[in-house]
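J.: Sharing a structure here in structure tokens format.
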Amino acid sequence: MFYQVEAFSDKPFFGNPTAIVIEDSKESYPLHFKESIAREMNLPITAFISQSTKADFKIAFFSPKKQVPFSGHATLASVWLLAKLKNIKPNTDTVKIETEKGIYPCDILWEKETITKIFVTLKNPEFQEIDIDKQKLADILGIRTDKIESNEKLPLVVADVGSPKILVLISSKEMIDALVPKYDEVERLCRKHKATGLHLYTFDTYTEGSTCYTRHFEPLQGAAETAVSGLANGALAAFLVKEGFAPPGTLIIEQGESLDRNSKIEIKVEATKSGIKSVKIGGKAQVMFKFELNKEINTS
């Protein structure tokens, strides 16, 4: 059975749309067929859920271009769907998801037997400062150099909580929304610095109480722009806490306004004086569509 689930929103047609396929317990689709389905769905991620011998469920993730090791938003969407379908028993506190990157615990919050939120625990963050010529970066983004506000206190970094992202501080939300990047150059930049995406952020937010507003580009993965990136925002939240620009606890980050899919993601960052202890991305989801593959289609 095929589904579409919007991650990080409880409103229809908002959040990050995710295609999800629950595979038959007796027979799995071959790799080439999964790749074809992901290209056909043409969403940032298509997730395939199957049985696991190591965890509660196993999920494989595919972009329109290729299989990817892990996806934060697709994990949240998949667990939400499984809970809605009662494949996860009501009031189950935690499930473990097997992926190519390892096993990820997911906390499930309930009100009686109704799911309210999910939080996915990510890997411990890693950060690496990088040297990028600001004039060249400005040309790639289509803005003036003075609109890039990354500096010694908040340097240009590759931050990784499951997939490495380049973090760039921009002056305002209006500037972030207005810029039109050169996607081929964004892809080259990400390849050079061994990152999967370019994540722009600003402290100028649309809603009071939010920490940042962001925009995410990952043409390397097959999606020019992602409505809401769990891994990129999780990496950003950890980076801001590490650098002292946000306190440990729950950070609210906005994304999706540029695509008319405005959404919010919650990131729980636990930290002590010795460093970041854990990063969890969370929020709600919305099951949008359910459909079946034509039985006449040859899947072999």
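Within each chain, counting starts at residue 1; across the structure tokens, chains are named A, B, ... in the order shown, with ligands numbered 1 upward in that order.
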Identify, on the basis of only C-alpha atoms, every residue whose closest approach to Asp160 in chain A does not exceed 8 Å; exclude the query and any residue fewer than 6 positions from it along the same chain; express the result as a list in words.
T.: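 Using only C-alpha atoms, the neighbours found are Pro125, Glu126, Phe127, Leu231, Ala232 and Ala235 of chain A.
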J.: Let me see the file: selected residues, N, CA and C atoms, as a short mmCIF file (atom, residue, chain, number, x, y, z; two decimals), in the first residue's frame.
T.:
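Contents of again_5.cif, freshly written:
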```cif
data_model
loop_
_atom_site.label_atom_id
_atom_site.label_comp_id
_atom_site.auth_asym_id
_atom_site.auth_seq_id
_atom_site.Cartn_x
_atom_site.Cartn_y
_atom_site.Cartn_z
N PRO A 125 26.10 15.28 17.14
CA PRO A 125 26.53 16.18 16.07
C PRO A 125 28.04 16.25 15.90
N GLU A 126 28.42 16.50 14.66
CA GLU A 126 29.82 16.78 14.33
C GLU A 126 29.86 18.09 13.54
N PHE A 127 30.89 18.89 13.79
CA PHE A 127 31.01 20.19 13.14
C PHE A 127 32.42 20.36 12.56
N LEU A 231 17.02 16.92 9.29
CA LEU A 231 18.45 16.78 9.58
C LEU A 231 19.16 18.12 9.54
N ALA A 232 18.81 18.99 8.58
CA ALA A 232 19.46 20.29 8.49
C ALA A 232 19.11 21.16 9.69
N ALA A 235 20.80 19.84 12.83
CA ALA A 235 22.21 20.23 12.85
C ALA A 235 22.36 21.70 13.23
#
```
J.: As an mmCIF file with N, CA and C atoms, in the first residue's frame, which residues of range 29-243 of chain A does DSSP assign to helix (DSSP H, G or I)?
T.:
```cif
data_model
loop_
_atom_site.group_PDB
_atom_site.id
_atom_site.type_symbol
_atom_site.label_atom_id
_atom_site.label_comp_id
_atom_site.auth_asym_id
_atom_site.auth_seq_id
_atom_site.Cartn_x
_atom_site.Cartn_y
_atom_site.Cartn_z
ATOM 1 N N LEU A 31 15.385 -3.583 -5.882
ATOM 2 C CA LEU A 31 15.993 -2.260 -5.788
ATOM 3 C C LEU A 31 15.627 -1.367 -6.971
ATOM 4 N N HIS A 32 15.718 -1.890 -8.192
ATOM 5 C CA HIS A 32 15.461 -1.062 -9.365
ATOM 6 C C HIS A 32 14.023 -0.567 -9.386
ATOM 7 N N PHE A 33 13.091 -1.369 -8.838
ATOM 8 C CA PHE A 33 11.688 -0.972 -8.822
ATOM 9 C C PHE A 33 11.450 0.126 -7.779
ATOM 10 N N LYS A 34 12.142 0.020 -6.657
ATOM 11 C CA LYS A 34 12.051 1.080 -5.649
ATOM 12 C C LYS A 34 12.589 2.397 -6.211
ATOM 13 N N GLU A 35 13.694 2.331 -6.927
ATOM 14 C CA GLU A 35 14.250 3.530 -7.554
ATOM 15 C C GLU A 35 13.262 4.133 -8.551
ATOM 16 N N SER A 36 12.602 3.284 -9.306
ATOM 17 C CA SER A 36 11.617 3.759 -10.283
ATOM 18 C C SER A 36 10.415 4.405 -9.597
ATOM 19 N N ILE A 37 9.967 3.826 -8.498
ATOM 20 C CA ILE A 37 8.852 4.398 -7.752
ATOM 21 C C ILE A 37 9.232 5.783 -7.224
ATOM 22 N N ALA A 38 10.442 5.910 -6.670
ATOM 23 C CA ALA A 38 10.891 7.200 -6.135
ATOM 24 C C ALA A 38 10.959 8.258 -7.227
ATOM 25 N N ARG A 39 11.438 7.880 -8.409
ATOM 26 C CA ARG A 39 11.472 8.835 -9.526
ATOM 27 C C ARG A 39 10.054 9.222 -9.926
ATOM 28 N N GLU A 40 9.160 8.245 -9.941
ATOM 29 C CA GLU A 40 7.778 8.508 -10.345
ATOM 30 C C GLU A 40 7.061 9.406 -9.328
ATOM 31 N N MET A 41 7.287 9.158 -8.042
ATOM 32 C CA MET A 41 6.661 9.972 -7.001
ATOM 33 C C MET A 41 7.222 11.392 -7.021
ATOM 34 N N GLY A 72 15.421 12.274 8.100
ATOM 35 C CA GLY A 72 14.749 12.590 9.354
ATOM 36 C C GLY A 72 13.248 12.756 9.186
ATOM 37 N N HIS A 73 12.848 13.584 8.199
ATOM 38 C CA HIS A 73 11.418 13.845 8.038
ATOM 39 C C HIS A 73 10.670 12.591 7.601
ATOM 40 N N ALA A 74 11.306 11.746 6.768
ATOM 41 C CA ALA A 74 10.642 10.529 6.312
ATOM 42 C C ALA A 74 10.530 9.497 7.432
ATOM 43 N N THR A 75 11.479 9.494 8.361
ATOM 44 C CA THR A 75 11.379 8.612 9.525
ATOM 45 C C THR A 75 10.199 9.026 10.394
ATOM 46 N N LEU A 76 10.096 10.323 10.666
ATOM 47 C CA LEU A 76 8.970 10.820 11.464
ATOM 48 C C LEU A 76 7.647 10.503 10.774
ATOM 49 N N ALA A 77 7.565 10.767 9.480
ATOM 50 C CA ALA A 77 6.329 10.504 8.738
ATOM 51 C C ALA A 77 5.966 9.027 8.755
ATOM 52 N N SER A 78 6.967 8.165 8.620
ATOM 53 C CA SER A 78 6.717 6.723 8.601
ATOM 54 C C SER A 78 6.213 6.206 9.939
ATOM 55 N N VAL A 79 6.840 6.655 11.027
ATOM 56 C CA VAL A 79 6.400 6.220 12.358
ATOM 57 C C VAL A 79 4.993 6.748 12.647
ATOM 58 N N TRP A 80 4.723 7.979 12.214
ATOM 59 C CA TRP A 80 3.368 8.538 12.391
ATOM 60 C C TRP A 80 2.339 7.665 11.667
ATOM 61 N N LEU A 81 2.650 7.296 10.432
ATOM 62 C CA LEU A 81 1.733 6.464 9.658
ATOM 63 C C LEU A 81 1.523 5.107 10.327
ATOM 64 N N LEU A 82 2.594 4.482 10.763
ATOM 65 C CA LEU A 82 2.488 3.174 11.410
ATOM 66 C C LEU A 82 1.626 3.249 12.669
ATOM 67 N N ALA A 83 1.774 4.336 13.407
ATOM 68 C CA ALA A 83 0.957 4.506 14.615
ATOM 69 C C ALA A 83 -0.509 4.731 14.245
ATOM 70 N N LYS A 84 -0.758 5.511 13.189
ATOM 71 C CA LYS A 84 -2.133 5.762 12.750
ATOM 72 C C LYS A 84 -2.816 4.477 12.275
ATOM 73 N N LYS A 134 33.419 34.430 0.349
ATOM 74 C CA LYS A 134 32.074 35.000 0.482
ATOM 75 C C LYS A 134 31.563 35.583 -0.831
ATOM 76 N N GLN A 135 32.454 36.141 -1.637
ATOM 77 C CA GLN A 135 32.014 36.685 -2.908
ATOM 78 C C GLN A 135 31.497 35.569 -3.817
ATOM 79 N N LYS A 136 32.210 34.452 -3.819
ATOM 80 C CA LYS A 136 31.782 33.314 -4.629
ATOM 81 C C LYS A 136 30.457 32.756 -4.113
ATOM 82 N N LEU A 137 30.331 32.660 -2.783
ATOM 83 C CA LEU A 137 29.089 32.164 -2.194
ATOM 84 C C LEU A 137 27.928 33.106 -2.506
ATOM 85 N N ALA A 138 28.185 34.411 -2.426
ATOM 86 C CA ALA A 138 27.144 35.390 -2.753
ATOM 87 C C ALA A 138 26.703 35.255 -4.199
ATOM 88 N N ASP A 139 27.648 35.016 -5.102
ATOM 89 C CA ASP A 139 27.307 34.825 -6.514
ATOM 90 C C ASP A 139 26.438 33.584 -6.709
ATOM 91 N N ILE A 140 26.755 32.516 -5.976
ATOM 92 C CA ILE A 140 25.970 31.282 -6.060
ATOM 93 C C ILE A 140 24.533 31.522 -5.596
ATOM 94 N N LEU A 141 24.384 32.337 -4.529
ATOM 95 C CA LEU A 141 23.061 32.592 -3.960
ATOM 96 C C LEU A 141 22.320 33.722 -4.672
ATOM 97 N N THR A 145 27.389 40.348 -0.884
ATOM 98 C CA THR A 145 28.207 39.699 0.154
ATOM 99 C C THR A 145 27.805 40.157 1.553
ATOM 100 N N ASP A 146 27.365 41.416 1.700
ATOM 101 C CA ASP A 146 27.026 41.913 3.036
ATOM 102 C C ASP A 146 25.751 41.275 3.587
ATOM 103 N N LYS A 147 25.020 40.532 2.765
ATOM 104 C CA LYS A 147 23.827 39.832 3.224
ATOM 105 C C LYS A 147 24.172 38.466 3.830
ATOM 106 N N LYS A 173 14.809 37.265 6.726
ATOM 107 C CA LYS A 173 13.904 36.293 6.094
ATOM 108 C C LYS A 173 13.506 36.742 4.699
ATOM 109 N N GLU A 174 13.353 38.061 4.507
ATOM 110 C CA GLU A 174 13.018 38.565 3.179
ATOM 111 C C GLU A 174 14.126 38.254 2.182
ATOM 112 N N MET A 175 15.362 38.385 2.623
ATOM 113 C CA MET A 175 16.495 38.076 1.741
ATOM 114 C C MET A 175 16.551 36.583 1.436
ATOM 115 N N ILE A 176 16.314 35.750 2.440
ATOM 116 C CA ILE A 176 16.309 34.301 2.222
ATOM 117 C C ILE A 176 15.224 33.920 1.216
ATOM 118 N N ASP A 177 14.033 34.489 1.373
ATOM 119 C CA ASP A 177 12.926 34.133 0.486
ATOM 120 C C ASP A 177 13.130 34.638 -0.932
ATOM 121 N N ALA A 178 13.820 35.774 -1.077
ATOM 122 C CA ALA A 178 13.952 36.401 -2.394
ATOM 123 C C ALA A 178 15.069 35.807 -3.245
ATOM 124 N N TYR A 183 21.573 26.411 -8.955
ATOM 125 C CA TYR A 183 21.512 25.065 -8.389
ATOM 126 C C TYR A 183 22.692 24.189 -8.799
ATOM 127 N N ASP A 184 23.189 24.363 -10.027
ATOM 128 C CA ASP A 184 24.342 23.562 -10.429
ATOM 129 C C ASP A 184 25.570 23.932 -9.596
ATOM 130 N N GLU A 185 25.680 25.240 -9.245
ATOM 131 C CA GLU A 185 26.802 25.678 -8.411
ATOM 132 C C GLU A 185 26.627 25.237 -6.962
ATOM 133 N N VAL A 186 25.371 25.206 -6.493
ATOM 134 C CA VAL A 186 25.105 24.682 -5.149
ATOM 135 C C VAL A 186 25.543 23.227 -5.065
ATOM 136 N N GLU A 187 25.248 22.468 -6.108
ATOM 137 C CA GLU A 187 25.638 21.061 -6.128
ATOM 138 C C GLU A 187 27.155 20.912 -6.109
ATOM 139 N N ARG A 188 27.854 21.726 -6.885
ATOM 140 C CA ARG A 188 29.329 21.665 -6.898
ATOM 141 C C ARG A 188 29.909 22.036 -5.539
ATOM 142 N N LEU A 189 29.324 23.054 -4.912
ATOM 143 C CA LEU A 189 29.797 23.478 -3.595
ATOM 144 C C LEU A 189 29.628 22.368 -2.572
ATOM 145 N N CYS A 190 28.476 21.707 -2.599
ATOM 146 C CA CYS A 190 28.225 20.618 -1.656
ATOM 147 C C CYS A 190 29.181 19.445 -1.907
ATOM 148 N N ARG A 191 29.414 19.123 -3.158
ATOM 149 C CA ARG A 191 30.363 18.041 -3.469
ATOM 150 C C ARG A 191 31.756 18.372 -2.944
ATOM 151 N N LYS A 192 32.177 19.609 -3.149
ATOM 152 C CA LYS A 192 33.515 20.023 -2.719
ATOM 153 C C LYS A 192 33.699 19.849 -1.222
ATOM 154 N N PRO A 219 20.183 19.887 -4.309
ATOM 155 C CA PRO A 219 20.092 19.307 -5.658
ATOM 156 C C PRO A 219 20.919 18.034 -5.810
ATOM 157 N N LEU A 220 21.932 17.883 -4.979
ATOM 158 C CA LEU A 220 22.750 16.672 -5.002
ATOM 159 C C LEU A 220 21.912 15.430 -4.705
ATOM 160 N N GLN A 221 20.874 15.598 -3.881
ATOM 161 C CA GLN A 221 20.012 14.487 -3.486
ATOM 162 C C GLN A 221 18.855 14.284 -4.457
ATOM 163 N N GLY A 230 14.492 17.920 8.438
ATOM 164 C CA GLY A 230 14.737 17.553 9.817
ATOM 165 C C GLY A 230 16.214 17.516 10.161
ATOM 166 N N LEU A 231 17.022 16.918 9.292
ATOM 167 C CA LEU A 231 18.446 16.783 9.576
ATOM 168 C C LEU A 231 19.163 18.123 9.542
ATOM 169 N N ALA A 232 18.813 18.985 8.578
ATOM 170 C CA ALA A 232 19.464 20.292 8.490
ATOM 171 C C ALA A 232 19.110 21.162 9.689
ATOM 172 N N ASN A 233 17.847 21.171 10.070
ATOM 173 C CA ASN A 233 17.445 21.991 11.214
ATOM 174 C C ASN A 233 17.931 21.408 12.535
ATOM 175 N N GLY A 234 18.016 20.087 12.616
ATOM 176 C CA GLY A 234 18.602 19.470 13.795
ATOM 177 C C GLY A 234 20.061 19.838 13.947
ATOM 178 N N ALA A 235 20.799 19.841 12.833
ATOM 179 C CA ALA A 235 22.212 20.232 12.846
ATOM 180 C C ALA A 235 22.358 21.700 13.227
ATOM 181 N N LEU A 236 21.486 22.539 12.687
ATOM 182 C CA LEU A 236 21.533 23.976 12.999
ATOM 183 C C LEU A 236 21.269 24.213 14.482
ATOM 184 N N ALA A 237 20.242 23.577 15.033
ATOM 185 C CA ALA A 237 19.919 23.763 16.447
ATOM 186 C C ALA A 237 21.091 23.359 17.333
ATOM 187 N N ALA A 238 21.705 22.222 17.024
ATOM 188 C CA ALA A 238 22.858 21.768 17.805
ATOM 189 C C ALA A 238 24.010 22.767 17.705
ATOM 190 N N PHE A 239 24.228 23.311 16.513
ATOM 191 C CA PHE A 239 25.294 24.289 16.293
ATOM 192 C C PHE A 239 25.049 25.564 17.096
ATOM 193 N N LEU A 240 23.821 26.055 17.104
ATOM 194 C CA LEU A 240 23.502 27.279 17.832
ATOM 195 C C LEU A 240 23.665 27.092 19.338
ATOM 196 N N VAL A 241 23.274 25.932 19.840
ATOM 197 C CA VAL A 241 23.461 25.646 21.264
ATOM 198 C C VAL A 241 24.952 25.544 21.575
ATOM 199 N N LYS A 242 25.691 24.860 20.738
ATOM 200 C CA LYS A 242 27.135 24.710 20.945
ATOM 201 C C LYS A 242 27.839 26.065 21.007
#
```
J.: As number ranges by chain, which residues of range 65-128 of chain A does DSSP assign to strand (DSSP E or B)?
T.: A: 67-68, 94-99, 102-111, 114-121, 126-128
J.: Report, in Å to a single decimal, how far apart CA of Glu27 in chain A and CA of Gly162 in chain A are.
T.: 29.0 Å
J.: Near Thr53 in chain A, counting only C-alpha atoms, which residues have an atom at most 12 Å away, once you skip same-chain residues fewer than 5 positions from it, shown as a list in words?
T.: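 What passes the distance filter is Lys58, Lys96, Ile97, Glu98, Thr99 and Ile103 of chain A.
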J.: Under the rule that only C-alpha atoms are counted, which of A:Glu149, A:Glu225, A:Glu113, A:Asp93 is the nearest residue to Phe203 in chain A?
T.: A:Glu149
J.: Using only C-alpha atoms, can you tell me which of A:Gln286, A:Thr214, A:Thr114, A:Thr18 comes closest to Phe61 in chain A?
T.: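 Checking each of A:Gln286, A:Thr214, A:Thr114, A:Thr18 against Phe61 in chain A, counting only C-alpha atoms, the winner is A:Thr18.
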